[in-house]
Amino acid sequence: MDDRHIERLSEGEVIECIGELLAIAIARSGRLLRAPALHRANAPGTSASVVDSVALIRDPVERKLARFLKHAGPCRPSDIAATLGLNRWLVGRKLRRLRAAGICEAVGKTRASHYQLRANYQAN
């Protein structure tokens with residue numbers, strides 16, 4: 001890995017890279033428990049494959065927010081804006097769009113509310 005490449009990344013992009021590397025390390029460690037049938041269905045070369053729903057988001061800012069929530073977990077909009085270096089108004093608007101699309105959900109009310117990616121899509 002080229003150290004100079006990391007220097008050009010924003011803090012949010014560094015956090016995103018670290019989150020992705022941690023996810024890869026956890027997946028490769030075998031500590032994630034899955035049913036054996038799920039392994040066979042998602043094996044390379046089979047017709048069934050896992051689709052990263054975040055990668056399907058068309059808007060780059062919304063995709064960035066969803067990736068951040070995927071790796072960071074529940075966060076307040078102000079924390080997201082500060083970490084990613086985005087305008088708080090823009091983050092709020094994009095989170096409302098993601099919530100309306102059923103991708104994320106708000107937990108809590110008023111100033112204590114946090115946004116997180118939805119884990120259950122059966123309500124869609």
# chains A, B, ... in the order shown; residues from 1 in each chain; ligands from 1
>>> residues_around(residues="A:Leu90", least_positions_apart="2", cutoff="10 Å", atoms="only C-alpha atoms", output="PyMOL selection string")
chain A and resi 61-62+77+81+86-88+92-96
>>> atom_distance(atom1="atom CA of A:Tyr115", atom2="atom CA of A:Ala101")
13.6 Å
>>> atom_distance(atom1="atom CA of A:Ser10", atom2="atom CA of A:Leu84")
7.8 Å
>>> atom_distance(atom1="atom CA of A:Asp59", atom2="atom CA of A:Trp89")
16.3 Å
>>> residues_around(residues="A:Ile57", least_positions_apart="6", cutoff="10 Å", atoms="only C-alpha atoms", output="ChimeraX atom specification")
/A:63-64,66,98,103
>>> closest_residue(among="A:Ala82, A:Leu65, A:Ala72, A:Leu56", to="A:Arg97", atoms="only C-alpha atoms")
A:Leu65
>>> decode(residues="stretch 62-93 of chain A", atoms="N, CA and C atoms", output="PDB file, in the first residue's frame")
ATOM      1  N   GLU A  62     -25.400  10.214  -1.284  1.00  0.00           N
ATOM      2  CA  GLU A  62     -26.209   9.260  -0.532  1.00  0.00           C
ATOM      3  C   GLU A  62     -25.472   7.934  -0.363  1.00  0.00           C
ATOM      4  N   ARG A  63     -24.764   7.501  -1.401  1.00  0.00           N
ATOM      5  CA  ARG A  63     -23.975   6.270  -1.323  1.00  0.00           C
ATOM      6  C   ARG A  63     -22.873   6.431  -0.276  1.00  0.00           C
ATOM      7  N   LYS A  64     -22.249   7.599  -0.232  1.00  0.00           N
ATOM      8  CA  LYS A  64     -21.197   7.878   0.749  1.00  0.00           C
ATOM      9  C   LYS A  64     -21.766   7.842   2.170  1.00  0.00           C
ATOM     10  N   LEU A  65     -22.945   8.430   2.356  1.00  0.00           N
ATOM     11  CA  LEU A  65     -23.595   8.411   3.672  1.00  0.00           C
ATOM     12  C   LEU A  65     -23.940   6.984   4.087  1.00  0.00           C
ATOM     13  N   ALA A  66     -24.486   6.205   3.155  1.00  0.00           N
ATOM     14  CA  ALA A  66     -24.863   4.828   3.470  1.00  0.00           C
ATOM     15  C   ALA A  66     -23.634   3.984   3.812  1.00  0.00           C
ATOM     16  N   ARG A  67     -22.548   4.171   3.083  1.00  0.00           N
ATOM     17  CA  ARG A  67     -21.307   3.439   3.395  1.00  0.00           C
ATOM     18  C   ARG A  67     -20.782   3.841   4.772  1.00  0.00           C
ATOM     19  N   PHE A  68     -20.880   5.127   5.072  1.00  0.00           N
ATOM     20  CA  PHE A  68     -20.427   5.592   6.385  1.00  0.00           C
ATOM     21  C   PHE A  68     -21.253   4.941   7.487  1.00  0.00           C
ATOM     22  N   LEU A  69     -22.578   4.931   7.335  1.00  0.00           N
ATOM     23  CA  LEU A  69     -23.447   4.311   8.338  1.00  0.00           C
ATOM     24  C   LEU A  69     -23.196   2.812   8.431  1.00  0.00           C
ATOM     25  N   LYS A  70     -22.884   2.205   7.305  1.00  0.00           N
ATOM     26  CA  LYS A  70     -22.611   0.764   7.282  1.00  0.00           C
ATOM     27  C   LYS A  70     -21.401   0.435   8.147  1.00  0.00           C
ATOM     28  N   HIS A  71     -20.379   1.275   8.085  1.00  0.00           N
ATOM     29  CA  HIS A  71     -19.158   0.992   8.816  1.00  0.00           C
ATOM     30  C   HIS A  71     -19.136   1.601  10.215  1.00  0.00           C
ATOM     31  N   ALA A  72     -19.738   2.753  10.388  1.00  0.00           N
ATOM     32  CA  ALA A  72     -19.669   3.448  11.673  1.00  0.00           C
ATOM     33  C   ALA A  72     -20.797   3.062  12.617  1.00  0.00           C
ATOM     34  N   GLY A  73     -21.912   2.588  12.075  1.00  0.00           N
ATOM     35  CA  GLY A  73     -23.057   2.279  12.915  1.00  0.00           C
ATOM     36  C   GLY A  73     -23.917   3.516  13.115  1.00  0.00           C
ATOM     37  N   PRO A  74     -24.845   3.477  14.063  1.00  0.00           N
ATOM     38  CA  PRO A  74     -25.744   4.608  14.287  1.00  0.00           C
ATOM     39  C   PRO A  74     -24.987   5.888  14.623  1.00  0.00           C
ATOM     40  N   CYS A  75     -25.349   6.981  13.943  1.00  0.00           N
ATOM     41  CA  CYS A  75     -24.684   8.275  14.153  1.00  0.00           C
ATOM     42  C   CYS A  75     -25.695   9.408  14.065  1.00  0.00           C
ATOM     43  N   ARG A  76     -25.359  10.494  14.737  1.00  0.00           N
ATOM     44  CA  ARG A  76     -26.162  11.703  14.617  1.00  0.00           C
ATOM     45  C   ARG A  76     -25.801  12.403  13.312  1.00  0.00           C
ATOM     46  N   PRO A  77     -26.763  13.093  12.693  1.00  0.00           N
ATOM     47  CA  PRO A  77     -26.467  13.810  11.448  1.00  0.00           C
ATOM     48  C   PRO A  77     -25.322  14.811  11.589  1.00  0.00           C
ATOM     49  N   SER A  78     -25.228  15.479  12.726  1.00  0.00           N
ATOM     50  CA  SER A  78     -24.146  16.455  12.914  1.00  0.00           C
ATOM     51  C   SER A  78     -22.782  15.769  12.941  1.00  0.00           C
ATOM     52  N   ASP A  79     -22.710  14.569  13.528  1.00  0.00           N
ATOM     53  CA  ASP A  79     -21.451  13.823  13.550  1.00  0.00           C
ATOM     54  C   ASP A  79     -21.062  13.364  12.143  1.00  0.00           C
ATOM     55  N   ILE A  80     -22.055  12.940  11.371  1.00  0.00           N
ATOM     56  CA  ILE A  80     -21.799  12.508   9.995  1.00  0.00           C
ATOM     57  C   ILE A  80     -21.266  13.683   9.182  1.00  0.00           C
ATOM     58  N   ALA A  81     -21.931  14.827   9.309  1.00  0.00           N
ATOM     59  CA  ALA A  81     -21.516  16.016   8.554  1.00  0.00           C
ATOM     60  C   ALA A  81     -20.094  16.427   8.917  1.00  0.00           C
ATOM     61  N   ALA A  82     -19.775  16.414  10.199  1.00  0.00           N
ATOM     62  CA  ALA A  82     -18.439  16.816  10.632  1.00  0.00           C
ATOM     63  C   ALA A  82     -17.375  15.829  10.161  1.00  0.00           C
ATOM     64  N   THR A  83     -17.668  14.544  10.238  1.00  0.00           N
ATOM     65  CA  THR A  83     -16.691  13.525   9.851  1.00  0.00           C
ATOM     66  C   THR A  83     -16.445  13.526   8.350  1.00  0.00           C
ATOM     67  N   LEU A  84     -17.509  13.642   7.570  1.00  0.00           N
ATOM     68  CA  LEU A  84     -17.364  13.592   6.116  1.00  0.00           C
ATOM     69  C   LEU A  84     -17.081  14.956   5.498  1.00  0.00           C
ATOM     70  N   GLY A  85     -17.146  16.012   6.295  1.00  0.00           N
ATOM     71  CA  GLY A  85     -16.863  17.350   5.785  1.00  0.00           C
ATOM     72  C   GLY A  85     -17.958  17.877   4.868  1.00  0.00           C
ATOM     73  N   LEU A  86     -19.195  17.514   5.181  1.00  0.00           N
ATOM     74  CA  LEU A  86     -20.336  17.939   4.368  1.00  0.00           C
ATOM     75  C   LEU A  86     -21.170  18.959   5.142  1.00  0.00           C
ATOM     76  N   ASN A  87     -21.971  19.703   4.420  1.00  0.00           N
ATOM     77  CA  ASN A  87     -22.895  20.669   4.998  1.00  0.00           C
ATOM     78  C   ASN A  87     -23.974  19.912   5.775  1.00  0.00           C
ATOM     79  N   ARG A  88     -24.305  20.378   6.984  1.00  0.00           N
ATOM     80  CA  ARG A  88     -25.322  19.694   7.806  1.00  0.00           C
ATOM     81  C   ARG A  88     -26.682  19.673   7.125  1.00  0.00           C
ATOM     82  N   TRP A  89     -27.002  20.748   6.406  1.00  0.00           N
ATOM     83  CA  TRP A  89     -28.288  20.804   5.697  1.00  0.00           C
ATOM     84  C   TRP A  89     -28.338  19.724   4.627  1.00  0.00           C
ATOM     85  N   LEU A  90     -27.247  19.550   3.882  1.00  0.00           N
ATOM     86  CA  LEU A  90     -27.177  18.537   2.835  1.00  0.00           C
ATOM     87  C   LEU A  90     -27.280  17.134   3.424  1.00  0.00           C
ATOM     88  N   VAL A  91     -26.581  16.886   4.523  1.00  0.00           N
ATOM     89  CA  VAL A  91     -26.638  15.579   5.173  1.00  0.00           C
ATOM     90  C   VAL A  91     -28.067  15.280   5.634  1.00  0.00           C
ATOM     91  N   GLY A  92     -28.733  16.260   6.236  1.00  0.00           N
ATOM     92  CA  GLY A  92     -30.113  16.062   6.672  1.00  0.00           C
ATOM     93  C   GLY A  92     -31.042  15.740   5.524  1.00  0.00           C
ATOM     94  N   ARG A  93     -30.891  16.452   4.422  1.00  0.00           N
ATOM     95  CA  ARG A  93     -31.746  16.215   3.253  1.00  0.00           C
ATOM     96  C   ARG A  93     -31.494  14.825   2.667  1.00  0.00           C
TER      97      ARG A  93
END
